[in-house]
file input-v9.cif (mmCIF, C-alpha atoms)
data_run
loop_
_atom_site.label_atom_id
_atom_site.label_comp_id
_atom_site.auth_asym_id
_atom_site.auth_seq_id
_atom_site.Cartn_x
_atom_site.Cartn_y
_atom_site.Cartn_z
CA MET A 1 78.81 152.85 93.56
CA SER A 2 78.09 150.84 90.40
CA PHE A 3 77.22 147.15 90.58
CA GLU A 4 77.29 144.72 87.67
CA ARG A 5 76.16 141.13 88.12
CA ILE A 6 78.90 139.59 85.98
CA THR A 7 78.01 136.12 87.26
CA GLU A 8 74.78 136.39 85.23
CA ASN A 9 76.35 137.64 82.01
CA SER A 10 75.95 135.50 78.91
CA SER A 11 78.51 132.73 78.36
CA LEU A 12 81.43 133.45 76.07
CA TYR A 13 80.48 130.27 74.18
CA ARG A 14 77.44 129.65 71.96
CA HIS A 15 75.52 126.56 70.85
CA LEU A 16 76.96 124.26 73.51
CA GLU A 17 74.59 121.50 72.43
CA LYS A 18 76.37 121.33 69.05
CA MET A 19 79.84 120.85 70.56
CA SER A 20 81.55 117.48 70.74
CA ILE A 21 82.31 116.05 74.17
CA LYS A 22 85.99 116.89 73.67
CA GLN A 23 85.11 120.49 72.78
CA LEU A 24 82.90 120.81 75.85
CA LEU A 25 85.58 119.46 78.15
CA THR A 26 88.30 121.58 76.56
CA HIS A 27 86.33 124.82 76.88
CA ILE A 28 85.26 124.10 80.47
CA ASN A 29 88.90 123.46 81.30
CA GLU A 30 89.96 126.68 79.57
CA GLU A 31 87.51 128.62 81.74
CA ASP A 32 88.62 126.82 84.92
CA GLN A 33 92.25 127.74 84.24
CA LYS A 34 91.36 131.42 84.65
CA VAL A 35 90.32 130.97 88.29
CA PRO A 36 93.68 130.63 90.14
CA THR A 37 95.13 133.69 88.41
CA ILE A 38 92.14 135.80 89.40
CA ILE A 39 92.37 134.53 93.00
CA ALA A 40 96.05 135.51 93.08
CA ASN A 41 94.97 139.13 92.67
CA ALA A 42 92.78 138.80 95.79
CA ILE A 43 95.54 137.48 98.09
CA PRO A 44 95.92 140.85 99.88
CA GLN A 45 92.20 140.75 100.74
CA ILE A 46 92.43 137.13 101.87
CA GLU A 47 95.52 137.86 103.97
CA LYS A 48 93.77 140.57 105.97
CA LEU A 49 90.84 138.28 106.74
CA VAL A 50 93.07 135.36 107.75
CA GLU A 51 95.01 137.61 110.14
CA VAL A 52 91.88 138.72 111.98
CA ILE A 53 90.42 135.18 112.09
CA ALA A 54 93.63 133.76 113.57
CA ASP A 55 93.75 136.53 116.18
CA LYS A 56 90.13 135.95 117.20
CA MET A 57 90.50 132.17 117.35
CA LEU A 58 93.68 132.38 119.41
CA MET A 59 91.59 134.34 121.92
CA GLY A 60 88.91 131.65 122.03
CA GLY A 61 86.66 132.73 119.17
CA ARG A 62 85.09 130.67 116.41
CA LEU A 63 84.78 130.91 112.64
CA PHE A 64 81.37 130.82 110.95
CA TYR A 65 80.58 130.39 107.27
CA ILE A 66 77.07 131.34 106.17
CA GLY A 67 75.61 130.96 102.69
CA ALA A 68 72.80 129.62 100.53
CA GLY A 69 72.77 126.92 97.85
CA THR A 70 76.16 126.00 96.43
CA SER A 71 77.89 128.69 98.50
CA GLY A 72 76.36 127.38 101.72
CA ARG A 73 77.31 123.81 100.87
CA LEU A 74 80.91 124.82 100.19
CA GLY A 75 81.11 126.48 103.61
CA ILE A 76 79.76 123.34 105.27
CA VAL A 77 82.26 121.15 103.42
CA ASP A 78 85.17 123.32 104.55
CA ALA A 79 83.95 123.49 108.15
CA SER A 80 83.30 119.74 108.35
CA GLU A 81 86.82 118.92 107.16
CA CYS A 82 88.59 120.92 109.88
CA PRO A 83 88.08 118.47 112.80
CA PRO A 84 89.35 115.32 111.04
CA THR A 85 92.18 117.14 109.28
CA TYR A 86 93.46 119.29 112.14
CA GLY A 87 92.02 117.68 115.27
CA VAL A 88 90.05 120.77 116.31
CA PRO A 89 86.68 120.51 118.11
CA PRO A 90 83.64 120.28 115.79
CA GLY A 91 82.27 123.60 117.06
CA LEU A 92 85.34 125.67 116.21
CA VAL A 93 84.50 126.14 112.52
CA ILE A 94 80.76 126.11 111.78
CA GLY A 95 78.97 126.10 108.44
CA ILE A 96 75.40 127.42 108.21
CA ILE A 97 73.19 127.09 105.13
CA ALA A 98 69.87 128.75 104.31
CA GLY A 99 67.12 126.19 104.77
CA GLY A 100 68.98 124.13 107.36
CA GLU A 101 70.43 120.64 107.08
CA GLN A 102 67.96 119.48 104.44
CA ALA A 103 69.32 122.16 102.11
CA ILE A 104 72.71 120.44 102.05
CA THR A 105 71.41 117.81 99.64
CA LYS A 106 68.16 119.34 98.34
CA ALA A 107 67.23 122.85 97.29
CA VAL A 108 64.86 124.60 99.72
CA GLU A 109 62.65 127.11 97.94
CA ASN A 110 62.88 130.76 99.02
CA ALA A 111 65.24 129.92 101.91
CA GLU A 112 67.74 132.53 100.77
CA ASP A 113 65.21 135.37 100.48
CA SER A 114 64.81 136.15 104.19
CA TRP A 115 66.77 139.13 105.50
CA GLU A 116 66.37 138.00 109.11
CA GLN A 117 66.77 134.22 109.04
CA GLY A 118 70.55 134.26 108.67
CA TRP A 119 70.92 136.21 111.91
CA ILE A 120 68.40 133.92 113.63
CA ASP A 121 70.42 130.90 112.54
CA LEU A 122 73.65 132.46 113.83
CA GLN A 123 71.98 133.22 117.17
CA GLY A 124 71.19 129.50 117.41
CA HIS A 125 74.95 129.06 117.88
CA THR A 126 75.20 131.98 120.33
CA VAL A 127 77.42 133.95 117.96
CA SER A 128 79.27 136.77 119.73
CA ALA A 129 81.87 139.47 119.27
CA GLN A 130 84.54 136.84 119.95
CA ASP A 131 83.72 135.20 116.63
CA VAL A 132 84.22 135.94 112.91
CA VAL A 133 81.42 135.39 110.39
CA ILE A 134 82.14 134.97 106.66
CA GLY A 135 79.23 135.38 104.25
CA ILE A 136 79.52 133.44 100.99
CA ALA A 137 77.45 134.29 97.91
CA ALA A 138 78.58 134.15 94.29
CA SER A 139 76.17 136.91 93.29
CA GLY A 140 76.86 139.08 96.32
CA THR A 141 73.13 139.83 96.55
CA THR A 142 71.67 137.00 98.66
CA PRO A 143 69.37 138.55 101.34
CA TYR A 144 69.91 135.67 103.81
CA VAL A 145 73.66 136.32 103.81
CA ILE A 146 73.67 140.12 103.56
CA GLY A 147 71.12 140.44 106.35
CA ALA A 148 73.20 138.19 108.59
CA LEU A 149 76.34 140.28 108.06
CA GLN A 150 74.48 143.53 108.63
CA ARG A 151 73.17 142.26 111.95
CA CYS A 152 76.64 141.01 112.87
CA ARG A 153 78.04 144.48 112.25
CA GLU A 154 75.31 146.00 114.45
CA ASN A 155 76.39 143.63 117.22
CA GLY A 156 80.14 144.24 116.97
CA ILE A 157 80.96 140.94 115.24
CA ILE A 158 83.75 141.02 112.65
CA THR A 159 82.64 139.90 109.20
CA GLY A 160 84.22 138.77 105.94
CA SER A 161 82.69 137.87 102.60
CA ILE A 162 83.46 135.91 99.45
CA CYS A 163 81.67 136.81 96.22
CA CYS A 164 82.27 136.83 92.48
CA ASN A 165 80.89 140.22 91.47
CA PRO A 166 82.69 143.55 91.96
CA GLN A 167 81.41 146.14 94.44
CA SER A 168 78.50 143.95 95.52
CA PRO A 169 76.02 144.64 98.34
CA LEU A 170 77.57 141.69 100.20
CA SER A 171 81.03 143.28 100.02
CA ALA A 172 79.56 146.53 101.35
CA ALA A 173 78.15 144.64 104.35
CA ALA A 174 81.49 143.01 105.23
CA ASP A 175 84.47 144.35 107.16
CA TYR A 176 86.85 142.20 105.11
CA PRO A 177 85.38 141.57 101.64
CA ILE A 178 87.01 139.20 99.17
CA GLU A 179 86.03 139.53 95.52
CA VAL A 180 87.10 136.95 92.93
CA VAL A 181 85.52 138.08 89.68
CA VAL A 182 85.92 135.01 87.47
CA GLY A 183 83.63 136.23 84.68
CA PRO A 184 80.64 134.66 82.94
CA GLU A 185 80.06 130.96 83.45
CA PHE A 186 80.44 128.36 80.67
CA VAL A 187 76.72 127.67 81.08
CA THR A 188 75.19 131.12 81.60
CA GLY A 189 74.45 131.75 85.27
CA SER A 190 75.61 128.32 86.49
CA THR A 191 77.64 129.66 89.39
CA ARG A 192 78.38 126.18 90.76
CA MET A 193 81.09 126.14 88.06
CA LYS A 194 83.86 128.79 88.04
CA SER A 195 82.35 130.79 90.88
CA GLY A 196 81.99 127.67 93.02
CA THR A 197 85.54 126.61 92.19
CA ALA A 198 86.84 130.05 93.16
CA GLN A 199 84.94 130.01 96.45
CA LYS A 200 86.23 126.53 97.27
CA LEU A 201 89.84 127.55 96.58
CA VAL A 202 89.52 130.66 98.74
CA LEU A 203 87.96 128.63 101.56
CA ASN A 204 90.87 126.17 101.31
CA MET A 205 93.30 129.06 101.61
CA ILE A 206 91.51 130.60 104.59
CA SER A 207 91.03 127.47 106.72
CA THR A 208 94.45 125.99 105.93
CA SER A 209 96.29 129.23 106.69
CA VAL A 210 94.31 129.76 109.89
CA MET A 211 94.96 126.22 111.13
CA ILE A 212 98.68 126.62 110.48
CA GLN A 213 98.61 129.88 112.43
CA LEU A 214 96.90 128.03 115.29
CA GLY A 215 99.74 125.50 115.41
CA ARG A 216 97.77 122.57 113.97
CA VAL A 217 100.51 121.78 111.42
CA GLU A 218 104.19 121.04 112.04
CA ASP A 219 106.65 121.19 109.16
CA ASN A 220 104.20 120.19 106.41
CA LYS A 221 102.36 117.47 108.35
CA MET A 222 98.86 117.22 109.84
CA VAL A 223 100.13 116.12 113.25
CA ASN A 224 96.75 116.63 114.95
CA MET A 225 94.56 114.76 112.47
CA GLN A 226 91.93 112.42 113.87
CA LEU A 227 92.68 108.72 113.42
CA THR A 228 89.29 107.88 111.97
CA ASN A 229 90.31 105.23 109.41
CA GLU A 230 93.18 102.92 108.46
CA LYS A 231 94.55 105.33 105.86
CA LEU A 232 94.98 108.07 108.46
CA VAL A 233 96.40 105.64 111.03
CA ASP A 234 98.95 104.50 108.45
CA ARG A 235 99.82 108.08 107.55
CA GLY A 236 100.17 109.03 111.21
CA THR A 237 102.32 105.98 111.94
CA LYS A 238 104.73 106.87 109.16
CA MET A 239 104.85 110.50 110.37
CA LEU A 240 105.68 109.30 113.86
CA MET A 241 108.39 106.95 112.60
CA GLU A 242 109.96 109.82 110.64
CA LYS A 243 109.78 112.42 113.39
CA ALA A 244 110.78 110.15 116.29
CA LYS A 245 113.26 108.06 114.29
CA LEU A 246 111.40 104.85 115.17
CA GLU A 247 112.27 101.74 113.18
CA SER A 248 109.35 99.49 114.11
CA TYR A 249 106.10 100.23 112.29
CA GLU A 250 104.06 98.23 114.82
CA ASP A 251 105.62 99.97 117.81
CA ALA A 252 104.96 103.36 116.24
CA LYS A 253 101.38 102.41 115.40
CA ASN A 254 100.67 101.15 118.91
CA LEU A 255 102.09 104.34 120.42
CA LEU A 256 100.07 106.46 118.03
CA LEU A 257 96.81 104.68 118.83
CA LYS A 258 97.51 104.97 122.54
CA ALA A 259 98.24 108.70 122.32
CA GLY A 260 95.52 109.58 119.81
CA SER A 261 97.60 111.85 117.57
CA VAL A 262 101.13 112.26 116.26
CA LYS A 263 101.63 115.37 118.37
CA LYS A 264 100.57 113.66 121.60
CA ALA A 265 102.68 110.60 120.77
CA LEU A 266 105.74 112.81 120.34
CA LEU A 267 105.05 114.41 123.71
CA LEU A 268 104.99 110.94 125.33
CA LEU A 269 108.42 110.27 123.83
CA SER A 270 109.93 113.61 124.91
#
call {"tool": "encode", "arguments": {"input": "input-v9.cif", "output": "structure tokens"}}
result
Amino acid sequence: MSFERITENSSLYRHLEKMSIKQLLTHINEEDQKVPTIIANAIPQIEKLVEVIADKMLMGGRLFYIGAGTSGRLGIVDASECPPTYGVPPGLVIGIIAGGEQAITKAVENAEDSWEQGWIDLQGHTVSAQDVVIGIAASGTTPYVIGALQRCRENGIITGSICCNPQSPLSAAADYPIEVVVGPEFVTGSTRMKSGTAQKLVLNMISTSVMIQLGRVEDNKMVNMQLTNEKLVDRGTKMLMEKAKLESYEDAKNLLLKAGSVKKALLLLS
């Protein structure tokens, strides 16, 4: 099986330092516009992974993201947004990054080069065959991530992957690989750009679709969101007024705060 590291290919643009600001912004935007179309071609791959995640989570399993650098940070961002957005427990979707918490804001040298550390980090969360683990790596060659998926497979744990090179070692290690080959970066090798954007969009698709399958959305509303600030309280109050046909904003707000979520408030009214 051939493997080409397209993410490292030379940029389609030359002499960036000689471009005007407008030219730079225009060309970056032109490259970014390619990403959604390429992701559309991967929807069948994404669909299969979402189906198995939803099935596992409905049976009590969890979803793990594991990655290094930008890819690891994107997984942590997606995981950390699930509790406030959908009202799920913090441990239901877990992001793990090579190098630990300090690597979220600062690069940790050589953290991604260990074939064993990814599995060790997953074991710290008592990962099991109930769970699904998604490895994220733009290159598809990160030892930390590949090693973790290989060990998951040895232990009967379902795996998925997201990478931006075709037929990568990471894809070979995953049960449900997703490949979004967005091409060379505007700045050669800077995979935080198109590759990072593609990974973020795919993560949005996975977590949103899974949460809808788990019943965390009704109609098009986040009825289980946590009321952690005034903006969300206001949004929830207006949802409750609409759904329950309540005319008083204050009454709806008081009921919402008492219940803790739109869904629970509606149950009190039923």
call {"tool": "closest_residue", "arguments": {"input": "input-v9.cif", "among": "A:Cys152, A:Ala42, A:Leu203, A:Ile157", "to": "Ser71 of chain A", "atoms": "only C-alpha atoms"}}
result
A:Leu203
call {"tool": "atom_distance", "arguments": {"input": "input-v9.cif", "atom1": "atom CA of Arg192 of chain A", "atom2": "atom CA of Ile66 of chain A"}}
result
16.3 Å
call {"tool": "closest_residue", "arguments": {"input": "input-v9.cif", "among": "A:Ile39, A:His125, A:Ala137, A:Val210", "to": "Arg73 of chain A", "atoms": "all atoms listed in the file"}}
result
A:Ala137
call {"tool": "closest_residue", "arguments": {"input": "input-v9.cif", "among": "A:Val93, A:Asp55, A:Glu47, A:Ser139", "to": "Ala68 of chain A", "atoms": "only C-alpha atoms"}}
result
A:Ser139
call {"tool": "residues_around", "arguments": {"input": "input-v9.cif", "residues": "Ile120 of chain A", "least_positions_apart": "5", "cutoff": "12 Å", "atoms": "all atoms listed in the file", "output": "PyMOL selection string"}}
result
chain A and resi 66+96-100+114-115+125-127+144-145+147-149+151-152
call {"tool": "closest_residue", "arguments": {"input": "input-v9.cif", "among": "A:Phe186, A:Asn165, A:Gln123, A:Ala129", "to": "Leu24 of chain A", "atoms": "only C-alpha atoms"}}
result
A:Phe186
call {"tool": "resolve_selection", "arguments": {"input": "input-v9.cif", "expression": "the PyMOL selection byres ((chain A and resi 207) around 9)", "output": "list in words"}}
result
Val50, Asp78, Ala79, Cys82, Val93, Val202, Leu203, Asn204, Met205, Ile206, Thr208, Ser209, Val210, Met211 and Ile212 of chain A
call {"tool": "resolve_selection", "arguments": {"input": "input-v9.cif", "expression": "the PyMOL selection byres ((chain A and resi 249) around 12)", "output": "list in words"}}
result
Val233, Asp234, Arg235, Gly236, Thr237, Lys238, Met239, Leu240, Met241, Glu242, Ala244, Lys245, Leu246, Glu247, Ser248, Glu250, Asp251, Ala252, Lys253, Asn254, Leu255 and Leu256 of chain A
call {"tool": "write_last_selection", "arguments": {"input": "input-v9.cif", "atoms": "C-alpha atoms", "output": "JSON list (two decimals), keeping the file's coordinate frame"}}
result
[["chain", "number", "residue", "atom", "x", "y", "z"],
["A", 233, "VAL", "CA", 96.40, 105.64, 111.03],
["A", 234, "ASP", "CA", 98.95, 104.50, 108.45],
["A", 235, "ARG", "CA", 99.82, 108.08, 107.55],
["A", 236, "GLY", "CA", 100.17, 109.03, 111.21],
["A", 237, "THR", "CA", 102.32, 105.98, 111.94],
["A", 238, "LYS", "CA", 104.73, 106.87, 109.16],
["A", 239, "MET", "CA", 104.85, 110.50, 110.37],
["A", 240, "LEU", "CA", 105.68, 109.30, 113.86],
["A", 241, "MET", "CA", 108.39, 106.95, 112.60],
["A", 242, "GLU", "CA", 109.96, 109.82, 110.64],
["A", 244, "ALA", "CA", 110.78, 110.15, 116.29],
["A", 245, "LYS", "CA", 113.26, 108.06, 114.29],
["A", 246, "LEU", "CA", 111.40, 104.85, 115.17],
["A", 247, "GLU", "CA", 112.27, 101.74, 113.18],
["A", 248, "SER", "CA", 109.35, 99.49, 114.11],
["A", 250, "GLU", "CA", 104.06, 98.23, 114.82],
["A", 251, "ASP", "CA", 105.62, 99.97, 117.81],
["A", 252, "ALA", "CA", 104.96, 103.36, 116.24],
["A", 253, "LYS", "CA", 101.38, 102.41, 115.40],
["A", 254, "ASN", "CA", 100.67, 101.15, 118.91],
["A", 255, "LEU", "CA", 102.09, 104.34, 120.42],
["A", 256, "LEU", "CA", 100.07, 106.46, 118.03]]
call {"tool": "closest_residue", "arguments": {"input": "input-v9.cif", "among": "A:Ile94, A:Val108, A:Val182, A:Ile136", "to": "Leu170 of chain A", "atoms": "only C-alpha atoms"}}
result
A:Ile136
call {"tool": "residues_near_point", "arguments": {"input": "input-v9.cif", "point": "(84.7, 137.1, 99.3)", "cutoff": "9 Å", "atoms": "only C-alpha atoms", "output": "mmCIF file with C-alpha atoms, in the frame of the given file"}}
result
data_model
loop_
_atom_site.group_PDB
_atom_site.id
_atom_site.type_symbol
_atom_site.label_atom_id
_atom_site.label_comp_id
_atom_site.auth_asym_id
_atom_site.auth_seq_id
_atom_site.Cartn_x
_atom_site.Cartn_y
_atom_site.Cartn_z
ATOM 1 C CA ALA A 42 92.780 138.800 95.790
ATOM 2 C CA GLN A 45 92.200 140.750 100.740
ATOM 3 C CA ILE A 46 92.430 137.130 101.870
ATOM 4 C CA ILE A 134 82.140 134.970 106.660
ATOM 5 C CA GLY A 135 79.230 135.380 104.250
ATOM 6 C CA ILE A 136 79.520 133.440 100.990
ATOM 7 C CA ALA A 137 77.450 134.290 97.910
ATOM 8 C CA ALA A 138 78.580 134.150 94.290
ATOM 9 C CA GLY A 140 76.860 139.080 96.320
ATOM 10 C CA GLY A 160 84.220 138.770 105.940
ATOM 11 C CA SER A 161 82.690 137.870 102.600
ATOM 12 C CA ILE A 162 83.460 135.910 99.450
ATOM 13 C CA CYS A 163 81.670 136.810 96.220
ATOM 14 C CA CYS A 164 82.270 136.830 92.480
ATOM 15 C CA LEU A 170 77.570 141.690 100.200
ATOM 16 C CA SER A 171 81.030 143.280 100.020
ATOM 17 C CA ALA A 174 81.490 143.010 105.230
ATOM 18 C CA TYR A 176 86.850 142.200 105.110
ATOM 19 C CA PRO A 177 85.380 141.570 101.640
ATOM 20 C CA ILE A 178 87.010 139.200 99.170
ATOM 21 C CA GLU A 179 86.030 139.530 95.520
ATOM 22 C CA VAL A 180 87.100 136.950 92.930
ATOM 23 C CA GLN A 199 84.940 130.010 96.450
ATOM 24 C CA VAL A 202 89.520 130.660 98.740
#
call {"tool": "atom_distance", "arguments": {"input": "input-v9.cif", "atom1": "atom CA of Gly95 of chain A", "atom2": "atom CA of Gly215 of chain A"}}
result
21.9 Å
call {"tool": "residues_around", "arguments": {"input": "input-v9.cif", "residues": "Tyr13 of chain A", "least_positions_apart": "3", "cutoff": "9 Å", "atoms": "all atoms listed in the file", "output": "NGL selection string"}}
result
:A and (10 or 16 or 27 or 186-187)
call {"tool": "closest_residue", "arguments": {"input": "input-v9.cif", "among": "A:Leu269, A:Val52, A:Ile104, A:Leu25", "to": "Thr70 of chain A", "atoms": "only C-alpha atoms"}}
result
A:Ile104
call {"tool": "atom_distance", "arguments": {"input": "input-v9.cif", "atom1": "atom CA of Ser270 of chain A", "atom2": "atom CA of Asp219 of chain A"}}
result
17.8 Å
call {"tool": "residues_around", "arguments": {"input": "input-v9.cif", "residues": "Val132 of chain A", "least_positions_apart": "3", "cutoff": "8 Å", "atoms": "only C-alpha atoms", "output": "JSON, numbers by chain"}}
result
{"A": [53, 56, 61, 62, 63, 64, 129, 157, 158, 159, 160]}
call {"tool": "residues_near_point", "arguments": {"input": "input-v9.cif", "point": "(94.2, 114.7, 108.6)", "cutoff": "9 Å", "atoms": "all atoms listed in the file", "output": "ChimeraX atom specification"}}
result
/A:81-87,221-227,232,235-236
call {"tool": "residues_around", "arguments": {"input": "input-v9.cif", "residues": "Ser11 of chain A", "least_positions_apart": "3", "cutoff": "10 Å", "atoms": "only C-alpha atoms", "output": "PyMOL selection string"}}
result
chain A and resi 7-8+14+16+183-190
